[in-house]
file coords.pdb (PDB, C-alpha atoms)
ATOM      1  CA  MET M   1      40.344  -2.041   9.291
ATOM      2  CA  SER M   2      38.237  -0.548   6.485
ATOM      3  CA  LYS M   3      34.446  -0.854   6.567
ATOM      4  CA  ASN M   4      32.650  -2.955   3.973
ATOM      5  CA  PHE M   5      29.542  -0.751   4.151
ATOM      6  CA  ARG M   6      28.627   2.888   3.630
ATOM      7  CA  ILE M   7      25.533   4.194   5.359
ATOM      8  CA  ASP M   8      23.618   6.905   3.515
ATOM      9  CA  TYR M   9      23.228   9.497   6.276
ATOM     10  CA  GLN M  10      21.955  12.116   3.803
ATOM     11  CA  ARG M  11      18.911  10.036   2.888
ATOM     12  CA  GLU M  12      16.694  11.478   5.605
ATOM     13  CA  GLU M  13      17.409  15.018   4.442
ATOM     14  CA  ARG M  14      16.674  14.082   0.823
ATOM     15  CA  ILE M  15      13.528  11.985   1.180
ATOM     16  CA  GLY M  16      12.334  12.208   4.776
ATOM     17  CA  PHE M  17      13.412   8.886   6.285
ATOM     18  CA  GLN M  18      16.753   7.311   7.090
ATOM     19  CA  GLU M  19      18.360   4.151   5.774
ATOM     20  CA  VAL M  20      17.081   0.861   7.167
ATOM     21  CA  VAL M  21      19.127  -2.362   7.283
ATOM     22  CA  PHE M  22      18.043  -5.656   5.695
ATOM     23  CA  GLY M  23      19.306  -8.161   8.255
ATOM     24  CA  ALA M  24      18.555 -11.622   6.875
ATOM     25  CA  SER M  25      21.678 -12.009   4.739
ATOM     26  CA  LYS M  26      24.154 -10.169   6.977
ATOM     27  CA  THR M  27      26.433 -11.730   9.568
ATOM     28  CA  ILE M  28      26.399 -10.732  13.215
ATOM     29  CA  ASP M  29      29.787  -9.061  12.767
ATOM     30  CA  GLN M  30      28.517  -7.027   9.829
ATOM     31  CA  LEU M  31      25.396  -5.996  11.724
ATOM     32  CA  ARG M  32      27.416  -5.137  14.811
ATOM     33  CA  GLY M  33      29.612  -2.790  12.776
ATOM     34  CA  ILE M  34      26.639  -1.156  11.072
ATOM     35  CA  ILE M  35      24.805  -0.593  14.359
ATOM     36  CA  GLN M  36      27.929   0.885  15.951
ATOM     37  CA  ASP M  37      28.225   3.264  13.002
ATOM     38  CA  PHE M  38      24.634   4.418  13.488
ATOM     39  CA  GLN M  39      25.326   4.966  17.184
ATOM     40  CA  LYS M  40      28.456   7.022  16.466
ATOM     41  CA  ASN M  41      26.263   9.238  14.306
ATOM     42  CA  HIS M  42      23.621   9.514  17.065
ATOM     43  CA  LYS M  43      21.028   7.530  15.123
ATOM     44  CA  SER M  44      18.778   4.638  16.051
ATOM     45  CA  ALA M  45      19.090   1.589  13.788
ATOM     46  CA  LEU M  46      16.174  -0.383  12.397
ATOM     47  CA  VAL M  47      16.962  -3.878  11.086
ATOM     48  CA  THR M  48      14.377  -5.874   9.145
ATOM     49  CA  ARG M  49      14.043  -9.647   8.631
ATOM     50  CA  LEU M  50      16.517 -10.467  11.367
ATOM     51  CA  GLN M  51      16.622 -14.078  12.503
ATOM     52  CA  LYS M  52      15.958 -14.761  16.183
ATOM     53  CA  LYS M  53      19.443 -16.129  16.989
ATOM     54  CA  LYS M  54      21.144 -13.042  15.577
ATOM     55  CA  ALA M  55      18.706 -10.816  17.425
ATOM     56  CA  GLU M  56      19.442 -12.533  20.727
ATOM     57  CA  VAL M  57      23.152 -11.781  20.342
ATOM     58  CA  LEU M  58      22.640  -8.162  19.313
ATOM     59  CA  THR M  59      20.029  -7.321  21.955
ATOM     60  CA  SER M  60      22.438  -8.641  24.593
ATOM     61  CA  GLU M  61      25.147  -6.280  23.316
ATOM     62  CA  PHE M  62      23.184  -3.106  22.565
ATOM     63  CA  SER M  63      20.847  -1.134  24.796
ATOM     64  CA  PRO M  64      18.200   0.100  24.515
ATOM     65  CA  SER M  65      16.978  -2.420  21.978
ATOM     66  CA  PHE M  66      13.692  -3.995  20.918
ATOM     67  CA  TYR M  67      12.997  -7.162  18.916
ATOM     68  CA  ASP M  68       9.643  -8.316  17.585
ATOM     69  CA  GLN M  69       9.862 -12.040  16.893
ATOM     70  CA  THR M  70       6.773 -12.118  14.657
ATOM     71  CA  SER M  71       7.985  -9.536  12.139
ATOM     72  CA  LYS M  72      11.713 -10.076  12.833
ATOM     73  CA  ILE M  73      12.180  -6.335  13.314
ATOM     74  CA  LEU M  74      15.065  -5.173  15.519
ATOM     75  CA  LEU M  75      15.402  -1.610  16.783
ATOM     76  CA  VAL M  76      18.593  -0.500  18.469
ATOM     77  CA  GLY M  77      17.791   2.843  20.018
ATOM     78  CA  GLU M  78      14.309   4.218  20.549
ATOM     79  CA  PHE M  79      11.169   4.853  18.581
ATOM     80  CA  PRO M  80      10.204   8.548  18.348
ATOM     81  CA  LYS M  81       8.526   9.819  21.508
ATOM     82  CA  GLU M  82       6.133  12.024  19.551
ATOM     83  CA  VAL M  83       4.118  10.222  16.887
ATOM     84  CA  VAL M  84       1.266  11.106  14.549
ATOM     85  CA  GLU M  85      -1.819   8.896  14.791
ATOM     86  CA  ASP M  86      -4.981   8.359  12.702
ATOM     87  CA  GLU M  87      -3.310   8.812   9.296
ATOM     88  CA  ILE M  88      -2.633   5.219   8.236
ATOM     89  CA  ALA M  89      -4.580   2.005   8.776
ATOM     90  CA  ILE M  90      -3.303  -1.534   8.199
ATOM     91  CA  LEU M  91      -5.902  -4.156   7.247
ATOM     92  CA  SER M  92      -5.112  -7.863   7.218
ATOM     93  CA  GLY M  93      -7.045 -10.702   5.667
ATOM     94  CA  GLY M  94      -6.252 -13.170   8.446
ATOM     95  CA  THR M  95      -4.167 -13.752  11.542
ATOM     96  CA  SER M  96      -1.592 -15.610   9.417
ATOM     97  CA  ASP M  97      -0.647 -12.210   7.981
ATOM     98  CA  GLN M  98       0.520 -10.912  11.362
ATOM     99  CA  TYR M  99       4.207 -11.037  10.416
ATOM    100  CA  LEU M 100       3.568  -8.449   7.701
ATOM    101  CA  VAL M 101       1.204  -6.337   9.774
ATOM    102  CA  ASP M 102       3.865  -6.015  12.467
ATOM    103  CA  GLU M 103       6.627  -5.248   9.955
ATOM    104  CA  ILE M 104       4.503  -2.433   8.527
ATOM    105  CA  TYR M 105       3.497  -1.186  11.968
ATOM    106  CA  TYR M 106       7.019  -0.964  13.414
ATOM    107  CA  SER M 107       8.494   0.446  10.201
ATOM    108  CA  LEU M 108       5.950   3.262  10.317
ATOM    109  CA  LEU M 109       6.486   3.797  14.025
ATOM    110  CA  PHE M 110      10.196   4.245  13.293
ATOM    111  CA  VAL M 111       9.340   7.257  11.103
ATOM    112  CA  GLY M 112       6.929   8.727  13.633
ATOM    113  CA  ARG M 113       3.625   7.371  12.355
ATOM    114  CA  LYS M 114       1.499   5.161  14.609
ATOM    115  CA  ALA M 115      -0.793   3.129  12.374
ATOM    116  CA  SER M 116      -4.072   1.550  13.429
ATOM    117  CA  ARG M 117      -4.437  -2.177  12.869
ATOM    118  CA  PHE M 118      -7.615  -3.936  11.702
ATOM    119  CA  HIS M 119      -7.009  -7.655  12.011
ATOM    120  CA  ASP M 120      -8.761 -10.577  10.345
ATOM    121  CA  VAL M 121     -11.156  -8.679   8.061
ATOM    122  CA  GLY M 122     -10.724 -10.918   5.012
ATOM    123  CA  VAL M 123     -13.287 -11.565   2.300
ATOM    124  CA  ALA M 124     -14.208 -15.046   3.597
ATOM    125  CA  GLY M 125     -16.200 -13.146   6.234
ATOM    126  CA  VAL M 126     -16.757  -9.837   4.495
ATOM    127  CA  HIS M 127     -19.148  -8.637   7.194
ATOM    128  CA  ARG M 128     -16.070  -8.131   9.406
ATOM    129  CA  LEU M 129     -14.769  -5.557   6.929
ATOM    130  CA  LEU M 130     -18.163  -3.892   6.475
ATOM    131  CA  GLU M 131     -18.488  -3.426  10.233
ATOM    132  CA  ASN M 132     -15.409  -1.172  10.107
ATOM    133  CA  ILE M 133     -16.108   0.847   6.949
ATOM    134  CA  GLU M 134     -17.138   4.073   8.663
ATOM    135  CA  GLU M 135     -14.142   3.923  10.994
ATOM    136  CA  LEU M 136     -11.804   3.331   8.043
ATOM    137  CA  ARG M 137     -13.003   6.456   6.224
ATOM    138  CA  LYS M 138     -11.043   8.733   8.569
ATOM    139  CA  TYR M 139      -7.598   7.466   7.497
ATOM    140  CA  SER M 140      -5.563   9.086   4.730
ATOM    141  CA  VAL M 141      -3.918   5.858   3.493
ATOM    142  CA  LEU M 142      -4.935   2.201   3.758
ATOM    143  CA  ILE M 143      -2.400  -0.640   3.610
ATOM    144  CA  VAL M 144      -4.140  -3.923   2.828
ATOM    145  CA  VAL M 145      -2.402  -7.266   3.426
ATOM    146  CA  ALA M 146      -3.777 -10.517   2.032
ATOM    147  CA  GLY M 147      -2.645 -13.995   1.066
ATOM    148  CA  PHE M 148      -4.506 -16.855  -0.661
ATOM    149  CA  GLU M 149      -6.294 -15.268  -3.684
ATOM    150  CA  GLY M 150      -5.473 -11.736  -2.534
ATOM    151  CA  ALA M 151      -8.977 -10.333  -3.048
ATOM    152  CA  LEU M 152      -9.163  -8.029  -0.023
ATOM    153  CA  PRO M 153      -7.514  -4.928  -1.611
ATOM    154  CA  THR M 154      -9.995  -5.062  -4.513
ATOM    155  CA  VAL M 155     -12.972  -5.173  -2.150
ATOM    156  CA  VAL M 156     -11.537  -2.326  -0.060
ATOM    157  CA  GLY M 157     -10.801  -0.376  -3.254
ATOM    158  CA  GLY M 158     -14.404  -0.703  -4.337
ATOM    159  CA  LEU M 159     -15.709   0.628  -1.028
ATOM    160  CA  LEU M 160     -13.291   3.363   0.053
ATOM    161  CA  PRO M 161     -11.678   6.323  -1.778
ATOM    162  CA  GLN M 162      -8.255   6.642  -0.113
ATOM    163  CA  PRO M 163      -4.923   5.601  -1.636
ATOM    164  CA  ILE M 164      -4.625   1.846  -1.151
ATOM    165  CA  ILE M 165      -1.344  -0.041  -0.955
ATOM    166  CA  ALA M 166      -1.810  -3.770  -1.476
ATOM    167  CA  VAL M 167       0.639  -6.244   0.051
ATOM    168  CA  PRO M 168       0.541  -9.859  -1.189
ATOM    169  CA  ALA M 169       1.382 -12.322   1.572
ATOM    170  CA  SER M 170       3.062 -15.672   0.961
ATOM    171  CA  VAL M 171       0.243 -17.439   2.808
ATOM    172  CA  GLY M 172      -2.086 -20.123   1.485
ATOM    173  CA  TYR M 173      -2.497 -23.665   0.218
ATOM    174  CA  GLY M 174      -1.296 -25.125  -3.064
ATOM    175  CA  VAL M 175      -1.023 -22.525  -5.824
ATOM    176  CA  SER M 176      -1.465 -19.755  -3.241
ATOM    177  CA  LYS M 177       1.671 -20.729  -1.347
ATOM    178  CA  GLY M 178       4.491 -18.290  -2.015
ATOM    179  CA  GLY M 179       2.224 -15.316  -2.695
ATOM    180  CA  LYS M 180       2.349 -15.289  -6.512
ATOM    181  CA  THR M 181      -1.399 -15.871  -6.828
ATOM    182  CA  ALA M 182      -2.140 -12.964  -4.485
ATOM    183  CA  LEU M 183       0.369 -10.758  -6.327
ATOM    184  CA  LYS M 184      -1.148 -11.454  -9.740
ATOM    185  CA  SER M 185      -4.665 -10.961  -8.401
ATOM    186  CA  MET M 186      -3.749  -7.586  -6.929
ATOM    187  CA  LEU M 187      -1.963  -6.499 -10.111
ATOM    188  CA  ALA M 188      -5.054  -7.490 -12.107
ATOM    189  CA  SER M 189      -7.486  -5.757  -9.731
ATOM    190  CA  CYS M 190     -10.553  -4.124 -11.277
ATOM    191  CA  ALA M 191     -10.594  -1.534  -8.454
ATOM    192  CA  ASN M 192      -8.920   1.436 -10.114
ATOM    193  CA  GLY M 193      -5.763   2.995  -8.735
ATOM    194  CA  ILE M 194      -4.554   0.369  -6.272
ATOM    195  CA  THR M 195      -0.784   0.344  -5.718
ATOM    196  CA  VAL M 196       0.841  -3.082  -5.302
ATOM    197  CA  VAL M 197       4.195  -3.849  -3.677
ATOM    198  CA  ASN M 198       6.218  -7.044  -3.941
ATOM    199  CA  ILE M 199       5.376 -10.268  -2.096
ATOM    200  CA  ASP M 200       5.870  -9.913   1.672
ATOM    201  CA  ASN M 201       7.280  -6.396   1.255
ATOM    202  CA  GLY M 202       5.794  -4.886   4.397
ATOM    203  CA  TYR M 203       8.626  -2.405   4.806
ATOM    204  CA  GLY M 204       8.158  -1.178   1.235
ATOM    205  CA  ALA M 205       4.437  -0.696   1.820
ATOM    206  CA  ALA M 206       5.132   1.270   4.990
ATOM    207  CA  MET M 207       7.519   3.619   3.203
ATOM    208  CA  ALA M 208       5.100   4.047   0.299
ATOM    209  CA  ALA M 209       2.440   5.153   2.779
ATOM    210  CA  PHE M 210       4.899   7.473   4.488
ATOM    211  CA  ARG M 211       5.836   9.083   1.154
ATOM    212  CA  ILE M 212       2.151   9.767   0.438
ATOM    213  CA  ILE M 213       1.634  11.362   3.846
ATOM    214  CA  HIS M 214       5.005  13.138   4.046
ATOM    215  CA  GLY M 215       4.737  14.546   0.536
ATOM    216  CA  LYS M 216       1.459  16.376   1.102
TER     217      LYS M 216
END

call {"tool": "encode", "arguments": {"input": "coords.pdb", "output": "structure tokens"}}
result
Amino acid sequence: MSKNFRIDYQREERIGFQEVVFGASKTIDQLRGIIQDFQKNHKSALVTRLQKKKAEVLTSEFSPSFYDQTSKILLVGEFPKEVVEDEIAILSGGTSDQYLVDEIYYSLLFVGRKASRFHDVGVAGVHRLLENIEELRKYSVLIVVAGFEGALPTVVGGLLPQPIIAVPASVGYGVSKGGKTALKSMLASCANGITVVNIDNGYGAAMAAFRIIHGK
């Protein structure tokens, strides 16, 4: 039977990281075939946005495997044994942003970068951010996640000189729900040079940070 997918195995050679699978809209049978193809080519498979029920089936069939329920990240295979630390930091406005923090963290770990995480440093208690400013200076790239009005990347961008990747989270009440308010706020930031990814696009932010580091 012919495959209904074609994995881009040359991607890693071209740009430095391999293809990753978006799992939310794929069936278990489709995912099973894709994972088997990765295994035949001696590659680990990273699947993003995978629902828990699908993950339970796949982790029972493939070993070794790892599933993070918060971010909905599935790894079939292993993370790299040797990783680079102290290059990338992930900042989050609140604990409600954990699903994105974890997606970014595990996506970076998949490409051999172990990011540091600074949780719950949002602008509603800006002293929590200020307490970490000197520690944050050592990182080459900062990924900043925020929902509600999305102000945290602007504050960070006014205090620190590194490349900043802003991630709007679909977290908040009323007009903030869905992340469009945070997205527009980040796009309209008065802190010069901030890069903004799409709403809830933790994986995209992780790969943007990797490109900055890898391309040096």

call {"tool": "atom_distance", "arguments": {"input": "coords.pdb", "atom1": "CA of Glu13 in chain M", "atom2": "CA of Val197 in chain M"}}
result
24.4 Å

call {"tool": "axis_aligned_box", "arguments": {"input": "coords.pdb", "around": "range 62-74 of chain M", "padding_each_side": "6 Å", "output": "JSON"}}
result
{"center_x": 15.0, "center_y": -6.0, "center_z": 18.5, "size_x": 28.4, "size_y": 24.2, "size_z": 24.7}

call {"tool": "residues_around", "arguments": {"input": "coords.pdb", "residues": "Gln36 in chain M", "least_positions_apart": "2", "cutoff": "12 Å", "atoms": "all atoms listed in the file", "output": "ChimeraX atom specification"}}
result
/M:3,7,29-34,38-45,58,61-63,76-77

call {"tool": "resolve_selection", "arguments": {"input": "coords.pdb", "expression": "the PyMOL selection byres ((chain M and resi 49) around 8)", "output": "MDAnalysis selection string"}}
result
chainID M and resid 22:24 47:48 50:51 71:73

call {"tool": "resolve_selection", "arguments": {"input": "coords.pdb", "expression": "the PyMOL selection byres ((chain M and resi 17) around 12)", "output": "MDAnalysis selection string"}}
result
chainID M and resid 8:16 18:20 43:46 107:113 206:208 210:211 214:215

call {"tool": "residues_around", "arguments": {"input": "coords.pdb", "residues": "Gly93 in chain M", "least_positions_apart": "3", "cutoff": "6 Å", "atoms": "all atoms listed in the file", "output": "PyMOL selection string"}}
result
chain M and resi 120-122+146

call {"tool": "closest_residue", "arguments": {"input": "coords.pdb", "among": "M:Gln69, M:Ser92, M:Asn201, M:Asn4", "to": "Val145 in chain M", "atoms": "only C-alpha atoms"}}
result
M:Ser92

call {"tool": "resolve_selection", "arguments": {"input": "coords.pdb", "expression": "the PyMOL selection byres ((chain M and resi 104) around 7)", "output": "JSON list (two decimals) with C-alpha atoms, keeping the file's coordinate frame"}}
result
[["chain", "number", "residue", "atom", "x", "y", "z"],
["M", 100, "LEU", "CA", 3.57, -8.45, 7.70],
["M", 101, "VAL", "CA", 1.20, -6.34, 9.77],
["M", 102, "ASP", "CA", 3.86, -6.02, 12.47],
["M", 103, "GLU", "CA", 6.63, -5.25, 9.96],
["M", 105, "TYR", "CA", 3.50, -1.19, 11.97],
["M", 106, "TYR", "CA", 7.02, -0.96, 13.41],
["M", 107, "SER", "CA", 8.49, 0.45, 10.20],
["M", 108, "LEU", "CA", 5.95, 3.26, 10.32],
["M", 202, "GLY", "CA", 5.79, -4.89, 4.40],
["M", 203, "TYR", "CA", 8.63, -2.40, 4.81],
["M", 205, "ALA", "CA", 4.44, -0.70, 1.82],
["M", 206, "ALA", "CA", 5.13, 1.27, 4.99]]

call {"tool": "atom_distance", "arguments": {"input": "coords.pdb", "atom1": "CA of Ser116 in chain M", "atom2": "CA of Glu85 in chain M"}}
result
7.8 Å

call {"tool": "residues_around", "arguments": {"input": "coords.pdb", "residues": "range 167-175 of chain M", "least_positions_apart": "2", "cutoff": "8 Å", "atoms": "only C-alpha atoms", "output": "list in words"}}
result
Ser96, Asp97, Leu100, Ile143, Val144, Val145, Ala146, Gly147, Phe148, Gly150, Ile165, Lys177, Gly178, Gly179, Lys180, Thr181, Ala182, Leu183, Met186, Val196, Val197, Asn198, Ile199, Asp200, Asn201, Gly202 and Ala205 of chain M

call {"tool": "closest_residue", "arguments": {"input": "coords.pdb", "among": "M:Asp86, M:Gly125, M:Lys26, M:Thr95", "to": "Ile213 in chain M", "atoms": "all atoms listed in the file"}}
result
M:Asp86

call {"tool": "atom_distance", "arguments": {"input": "coords.pdb", "atom1": "CA of Tyr99 in chain M", "atom2": "CA of Tyr67 in chain M"}}
result
12.8 Å

call {"tool": "closest_residue", "arguments": {"input": "coords.pdb", "among": "M:Ala124, M:Asn132, M:Glu149, M:Lys54", "to": "Ser25 in chain M", "atoms": "all atoms listed in the file"}}
result
M:Lys54

call {"tool": "closest_residue", "arguments": {"input": "coords.pdb", "among": "M:Leu142, M:Val21, M:Leu160, M:Ile194", "to": "Leu91 in chain M", "atoms": "all atoms listed in the file"}}
result
M:Leu142

call {"tool": "residues_around", "arguments": {"input": "coords.pdb", "residues": "Ala191 in chain M", "least_positions_apart": "4", "cutoff": "6 Å", "atoms": "only C-alpha atoms", "output": "compact mmCIF listing (two decimals) with C-alpha atoms, in the coordinates of the input"}}
result
# COMPACT_ATOMS: atom_id res chain seq x y z
CA THR M 154 -9.99 -5.06 -4.51
CA GLY M 157 -10.80 -0.38 -3.25
CA GLY M 158 -14.40 -0.70 -4.34

call {"tool": "build_atoms", "arguments": {"input": "coords.pdb", "residues": "range 80-94 of chain M", "atoms": "N, CA and C atoms", "output": "CSV table (one decimal), in the frame of the given file"}}
result
chain,number,residue,atom,x,y,z
M,80,PRO,N,10.5,7.1,18.0
M,80,PRO,CA,10.2,8.5,18.3
M,80,PRO,C,9.2,8.7,19.5
M,81,LYS,N,9.4,9.6,20.4
M,81,LYS,CA,8.5,9.8,21.5
M,81,LYS,C,7.2,10.5,21.1
M,82,GLU,N,7.3,11.4,20.1
M,82,GLU,CA,6.1,12.0,19.6
M,82,GLU,C,5.8,11.4,18.2
M,83,VAL,N,4.6,10.9,18.1
M,83,VAL,CA,4.1,10.2,16.9
M,83,VAL,C,2.8,10.8,16.4
M,84,VAL,N,2.5,10.7,15.1
M,84,VAL,CA,1.3,11.1,14.5
M,84,VAL,C,0.4,9.9,14.4
M,85,GLU,N,-0.9,10.0,14.9
M,85,GLU,CA,-1.8,8.9,14.8
M,85,GLU,C,-2.9,9.2,13.8
M,86,ASP,N,-3.7,8.2,13.5
M,86,ASP,CA,-5.0,8.4,12.7
M,86,ASP,C,-4.7,8.8,11.3
M,87,GLU,N,-3.6,8.5,10.7
M,87,GLU,CA,-3.3,8.8,9.3
M,87,GLU,C,-3.3,7.5,8.4
M,88,ILE,N,-2.8,6.5,9.0
M,88,ILE,CA,-2.6,5.2,8.2
M,88,ILE,C,-3.3,4.1,9.0
M,89,ALA,N,-4.0,3.2,8.2
M,89,ALA,CA,-4.6,2.0,8.8
M,89,ALA,C,-4.0,0.8,8.0
M,90,ILE,N,-3.8,-0.3,8.8
M,90,ILE,CA,-3.3,-1.5,8.2
M,90,ILE,C,-4.4,-2.6,8.3
M,91,LEU,N,-4.9,-3.1,7.2
M,91,LEU,CA,-5.9,-4.2,7.2
M,91,LEU,C,-5.3,-5.5,6.9
M,92,SER,N,-5.6,-6.5,7.6
M,92,SER,CA,-5.1,-7.9,7.2
M,92,SER,C,-6.2,-8.9,7.0
M,93,GLY,N,-6.0,-9.7,6.0
M,93,GLY,CA,-7.0,-10.7,5.7
M,93,GLY,C,-7.2,-11.8,6.7
M,94,GLY,N,-6.2,-12.1,7.4
M,94,GLY,CA,-6.3,-13.2,8.4
M,94,GLY,C,-5.1,-13.1,9.4
